[in-house]
Amino acid sequence: MKKKPVWMMCLVVALFVSAFLINRIDAREFHGLRVLSEAQLGELTAGLNRVSSPQNADELIELDGHALPYDRSDNTFYVSQPMDGKEYAGTFSAVGDNCTVYFQADEALEDKQAAIAEGHAFSLWFVTESDYAVSELIFTGLPLVCIRSGNGGLTDEYERGDIIVQDPDDSDVITMSIKESSMKVKRNDNSGTISFRLYKKNYDEIRDLTLLNLGNRSSWKLYPVYDKDGALSREMVASYVWNCVCGDSSLQKGMEYAEVILDGEYAGLYYLAPKVGKGFLELGESDRAYEYEGISEDGTEQSDVIGDEDTRDNRRALDRFMGLWEEGNRDFSAIDVDNYIDYAIYLQAACAVQNSTEEYFVIAYEDGGAYTFRKMPGRSKFVFGLYPSAIGWQSVTAAENVIEDSGYAVMAAQDEEIAERTARRWQELRRNVLSTDSLLQTAYLCEQRLADSGYIGREDEPGAFILYCEELHNMIRARMEYLDGYYGSIVE
């Protein structure tokens, strides 16, 4: 029998391997969706009508059984992913029998961390018998909060809606859609903040859930990252400062970054935080809390009762608090002086201009008809050199400016020991949690997370971001150095 040439045997083997690889590519899946090349998808959709702006794409695909956050205006899906490891998390599936969803083959699928950091946009193809559409999908390393209000638009009154929260650091990861829950949501058009309250599915009972590892709460708030903060972390670092300074753990606050999609539109970067209320503050039945919102045009202070009806009876503690500062009636035995010292240090360390005149809380703890008063900051938007527009936007070049709370200043003027106690407390904090290195490290961690998550590459200018971050670092160093000298001179 005549032997076949070696080259012919090699050709047969090569053809067999090629056929095997082609079949393998055709059968390749990515977390539940079939992966085809752009050419294969072109052949598959030849002769079909292309829909350029699909309005219902988010109804045709799910991740782990839940809807995906979707920006209709840009035709883009967003999915959170853990930054560690090489594997993507979650399983996609098409919804219904009339549409098949494909992932377009993309080399970026082989390097998850690089694809996320670069903000790479993948292509999803939705194919029916007569039509097809192509959408983009972006994986982000940040949490996602997707809110849909019942009437299709947020208002300044609470209304029913739905929420999806994706937490890349949660073991349940990828779509911790708030299972068996509903929400009521409202928006403050002046500040841009969004408040929402979680309920059981039929709205007959408030529901406490842990979101982004921030504690078990029912009421939450989203704050847009301030557009004047190019470093995107000043409020986060200021929150760290308060939690270091505050000696009362019940008054400490946590917050986390989240990318937000509102009623089908990408809204950008926010901070998610538990809403300050009686439950958050762990107040007793007779305790009261008040939120200060600044001075009105007629010169009166604006304040709201927190967690109770705004009645004269519920303002009795506030009236007593305000009376403490009147001339001839300055009895400060009801003031928690240690708390006021901590608050004064926070204002100065973070240059928290806003929290010296507004956006702060007064808490009245009742005991036998007597009250003890404490303070805590609310939102800390004007921090680390971001001054209100009335003063002019600038970084602090005159680091000797010391922000003082009026109540603290009145007490310190009457009691010489308060200034020395404040200086001693400052030095204690500086030796430990409030060191310059700890503040810089907090800023670095925020910056690294924003960069690794892909947010900076997608939504910002990396070069400008680096310069803004350096400006914040320099501000922290200058502020700490000045205050060391300022307080040091008091206790010399």
# chains A, B, ... in the order shown; residues from 1 in each chain; ligands from 1

call {"tool": "residues_around", "arguments": {"residues": "stretch 178-195 of chain A", "least_positions_apart": "2", "cutoff": "9 Å", "atoms": "only C-alpha atoms", "output": "NGL selection string"}}
result
:A and (147 or 149 or 154-165 or 175-176 or 197-203 or 207 or 209 or 219-224 or 270 or 275)

call {"tool": "closest_residue", "arguments": {"among": "A:Val402, A:Ala57, A:Ile466, A:Leu386", "to": "A:Ala451", "atoms": "only C-alpha atoms"}}
result
A:Ile466

call {"tool": "select_by_dssp", "arguments": {"residues": "stretch 389-491 of chain A", "states": "alpha helix (DSSP H)", "output": "ChimeraX atom specification"}}
result
/A:406-414,416-431,436-452,455-459,462-490

call {"tool": "closest_residue", "arguments": {"among": "A:Ala412, A:Leu137, A:Leu109, A:Ala273", "to": "A:Phe332", "atoms": "only C-alpha atoms"}}
result
A:Ala412

call {"tool": "residues_around", "arguments": {"residues": "stretch 290-301 of chain A", "least_positions_apart": "2", "cutoff": "10 Å", "atoms": "only C-alpha atoms", "output": "number ranges by chain"}}
result
A: 276-277, 288, 303-308, 310, 314-315, 317-318, 354-364, 375-378

call {"tool": "residues_around", "arguments": {"residues": "stretch 87-103 of chain A", "least_positions_apart": "4", "cutoff": "8 Å", "atoms": "only C-alpha atoms", "output": "compact mmCIF listing (two decimals) with N, CA and C atoms, in the first residue's frame"}}
result
# COMPACT_ATOMS: atom_id res chain seq x y z
N PHE A 30 -19.94 33.64 27.22
CA PHE A 30 -19.41 34.53 28.25
C PHE A 30 -20.51 34.75 29.27
N HIS A 31 -20.40 34.05 30.37
CA HIS A 31 -21.33 34.20 31.50
C HIS A 31 -22.79 34.17 31.05
N GLY A 32 -23.10 33.13 30.27
CA GLY A 32 -24.48 32.89 29.89
C GLY A 32 -24.87 33.34 28.49
N LEU A 33 -24.04 34.17 27.84
CA LEU A 33 -24.35 34.66 26.50
C LEU A 33 -23.37 34.08 25.49
N ARG A 34 -23.89 33.72 24.33
CA ARG A 34 -23.04 33.21 23.28
C ARG A 34 -22.19 34.33 22.70
N VAL A 35 -20.92 34.04 22.40
CA VAL A 35 -19.98 35.04 21.88
C VAL A 35 -19.73 34.75 20.40
N LEU A 36 -19.97 35.75 19.55
CA LEU A 36 -19.71 35.63 18.11
C LEU A 36 -18.85 36.81 17.66
N GLU A 59 -35.33 45.69 29.01
CA GLU A 59 -36.35 44.68 29.31
C GLU A 59 -36.02 43.33 28.67
N LEU A 60 -34.92 43.29 27.93
CA LEU A 60 -34.59 42.08 27.16
C LEU A 60 -33.42 41.29 27.73
N ILE A 61 -32.81 41.76 28.82
CA ILE A 61 -31.65 41.08 29.38
C ILE A 61 -31.65 41.24 30.89
N GLU A 62 -31.16 40.20 31.57
CA GLU A 62 -31.05 40.23 33.02
C GLU A 62 -29.68 39.74 33.44
N LEU A 63 -29.31 40.06 34.66
CA LEU A 63 -28.08 39.56 35.27
C LEU A 63 -28.45 38.94 36.60
N ASP A 64 -28.21 37.64 36.71
CA ASP A 64 -28.61 36.89 37.91
C ASP A 64 -30.09 37.10 38.24
N GLY A 65 -30.90 37.18 37.20
CA GLY A 65 -32.34 37.28 37.40
C GLY A 65 -32.88 38.66 37.65
N GLN A 81 -18.36 45.20 39.03
CA GLN A 81 -17.52 44.02 39.09
C GLN A 81 -16.48 44.17 40.21
N PRO A 82 -16.18 43.08 40.92
CA PRO A 82 -15.09 43.13 41.90
C PRO A 82 -13.76 43.35 41.18
N LYS A 112 -9.85 41.41 32.59
CA LYS A 112 -10.93 42.10 33.28
C LYS A 112 -10.48 43.42 33.89
N PHE A 122 -18.03 47.22 25.73
CA PHE A 122 -18.29 45.99 24.99
C PHE A 122 -19.61 46.14 24.22
N SER A 123 -19.82 45.26 23.25
CA SER A 123 -21.02 45.33 22.42
C SER A 123 -21.95 44.15 22.69
N LEU A 124 -23.22 44.47 22.94
CA LEU A 124 -24.28 43.47 23.07
C LEU A 124 -25.20 43.58 21.87
N TRP A 125 -25.48 42.43 21.25
CA TRP A 125 -26.37 42.41 20.08
C TRP A 125 -27.69 41.75 20.49
N PHE A 126 -28.81 42.43 20.21
CA PHE A 126 -30.15 41.91 20.47
C PHE A 126 -30.78 41.58 19.11
N VAL A 127 -31.11 40.31 18.91
CA VAL A 127 -31.55 39.85 17.59
C VAL A 127 -32.92 39.17 17.69
N THR A 128 -33.87 39.66 16.89
CA THR A 128 -35.17 38.99 16.77
C THR A 128 -35.31 38.49 15.34
N GLU A 129 -36.47 37.98 14.98
CA GLU A 129 -36.68 37.45 13.64
C GLU A 129 -36.60 38.55 12.58
N VAL A 173 -22.82 39.65 45.16
CA VAL A 173 -22.40 40.66 44.24
C VAL A 173 -23.53 41.16 43.44
N ILE A 174 -23.59 40.61 42.37
CA ILE A 174 -23.89 41.40 41.22
C ILE A 174 -25.30 41.61 41.12
N THR A 175 -26.15 41.31 41.31
CA THR A 175 -27.25 42.21 41.40
C THR A 175 -27.92 41.96 42.71

call {"tool": "atom_distance", "arguments": {"atom1": "atom CA of A:Ala267", "atom2": "atom CA of A:Ala108"}}
result
25.9 Å

call {"tool": "select_by_dssp", "arguments": {"residues": "stretch 167-240 of chain A", "states": "strand (DSSP E)", "output": "list in words"}}
result
Met176, Ser177, Ser181, Ser182, Met183, Lys184, Val185, Lys186, Arg187, Ile194, Ser195, Phe196, Arg197, Leu198, Tyr199, Lys200, Leu209, Thr210, Asn216, Arg217, Ser219, Trp220, Lys221, Leu222, Tyr223 and Pro224 of chain A

call {"tool": "write_last_selection", "arguments": {"atoms": "N, CA and C atoms", "output": "CSV table (one decimal), in the first residue's frame"}}
result
chain,number,residue,atom,x,y,z
A,176,MET,N,-27.4,42.7,43.7
A,176,MET,CA,-28.2,42.7,44.9
A,176,MET,C,-29.3,43.7,44.6
A,177,SER,N,-30.3,43.2,43.7
A,177,SER,CA,-31.5,44.0,43.5
A,177,SER,C,-32.1,43.9,44.9
A,181,SER,N,-38.3,44.0,47.9
A,181,SER,CA,-38.5,45.3,48.6
A,181,SER,C,-38.9,46.4,47.5
A,182,SER,N,-39.5,47.4,48.0
A,182,SER,CA,-39.8,48.6,47.2
A,182,SER,C,-39.3,49.8,47.9
A,183,MET,N,-39.5,51.0,47.3
A,183,MET,CA,-39.0,52.2,47.9
A,183,MET,C,-39.9,53.4,47.6
A,184,LYS,N,-39.7,54.4,48.4
A,184,LYS,CA,-40.2,55.7,48.1
A,184,LYS,C,-39.1,56.7,48.0
A,185,VAL,N,-39.1,57.5,47.0
A,185,VAL,CA,-37.9,58.4,46.7
A,185,VAL,C,-38.4,59.8,46.4
A,186,LYS,N,-37.5,60.7,46.7
A,186,LYS,CA,-37.7,62.1,46.3
A,186,LYS,C,-36.4,62.8,46.0
A,187,ARG,N,-36.4,63.9,45.4
A,187,ARG,CA,-35.2,64.6,45.0
A,187,ARG,C,-35.3,66.1,45.4
A,194,ILE,N,-30.7,63.0,46.7
A,194,ILE,CA,-31.9,62.1,46.5
A,194,ILE,C,-32.0,61.3,47.8
A,195,SER,N,-33.2,61.3,48.3
A,195,SER,CA,-33.6,60.6,49.6
A,195,SER,C,-34.5,59.4,49.2
A,196,PHE,N,-34.2,58.2,49.8
A,196,PHE,CA,-35.1,57.1,49.6
A,196,PHE,C,-35.3,56.3,50.8
A,197,ARG,N,-36.5,55.7,51.0
A,197,ARG,CA,-36.8,54.9,52.1
A,197,ARG,C,-37.2,53.5,51.6
A,198,LEU,N,-36.7,52.5,52.2
A,198,LEU,CA,-37.0,51.1,51.8
A,198,LEU,C,-38.2,50.5,52.5
A,199,TYR,N,-39.0,49.8,51.7
A,199,TYR,CA,-40.2,49.2,52.3
A,199,TYR,C,-40.3,47.7,51.8
A,200,LYS,N,-41.1,47.0,52.5
A,200,LYS,CA,-41.5,45.7,52.0
A,200,LYS,C,-42.3,45.8,50.7
A,209,LEU,N,-32.2,47.4,55.5
A,209,LEU,CA,-31.3,46.6,54.8
A,209,LEU,C,-29.9,47.3,54.8
A,210,THR,N,-28.9,46.4,54.7
A,210,THR,CA,-27.5,47.0,54.7
A,210,THR,C,-27.1,47.2,53.2
A,216,ASN,N,-27.4,48.6,58.8
A,216,ASN,CA,-28.7,48.2,58.6
A,216,ASN,C,-29.7,49.4,58.8
A,217,ARG,N,-30.2,49.9,57.7
A,217,ARG,CA,-31.0,51.2,57.7
A,217,ARG,C,-32.2,51.0,56.7
A,219,SER,N,-33.7,54.3,55.8
A,219,SER,CA,-33.6,55.6,55.1
A,219,SER,C,-32.2,56.0,54.7
A,220,TRP,N,-32.1,56.4,53.4
A,220,TRP,CA,-30.8,56.6,52.8
A,220,TRP,C,-30.8,57.9,52.0
A,221,LYS,N,-29.6,58.4,51.7
A,221,LYS,CA,-29.5,59.6,51.0
A,221,LYS,C,-28.3,59.5,50.0
A,222,LEU,N,-28.5,60.1,48.8
A,222,LEU,CA,-27.4,60.1,47.8
A,222,LEU,C,-27.1,61.6,47.6
A,223,TYR,N,-25.8,61.9,47.7
A,223,TYR,CA,-25.3,63.3,47.5
A,223,TYR,C,-24.4,63.3,46.2
A,224,PRO,N,-24.7,64.2,45.3
A,224,PRO,CA,-23.8,64.2,44.1
A,224,PRO,C,-22.5,64.8,44.5

call {"tool": "atom_distance", "arguments": {"atom1": "atom CA of A:Asp71", "atom2": "atom CA of A:Ile261"}}
result
6.9 Å

call {"tool": "atom_distance", "arguments": {"atom1": "atom CA of A:Asp437", "atom2": "atom CA of A:Pro274"}}
result
27.9 Å
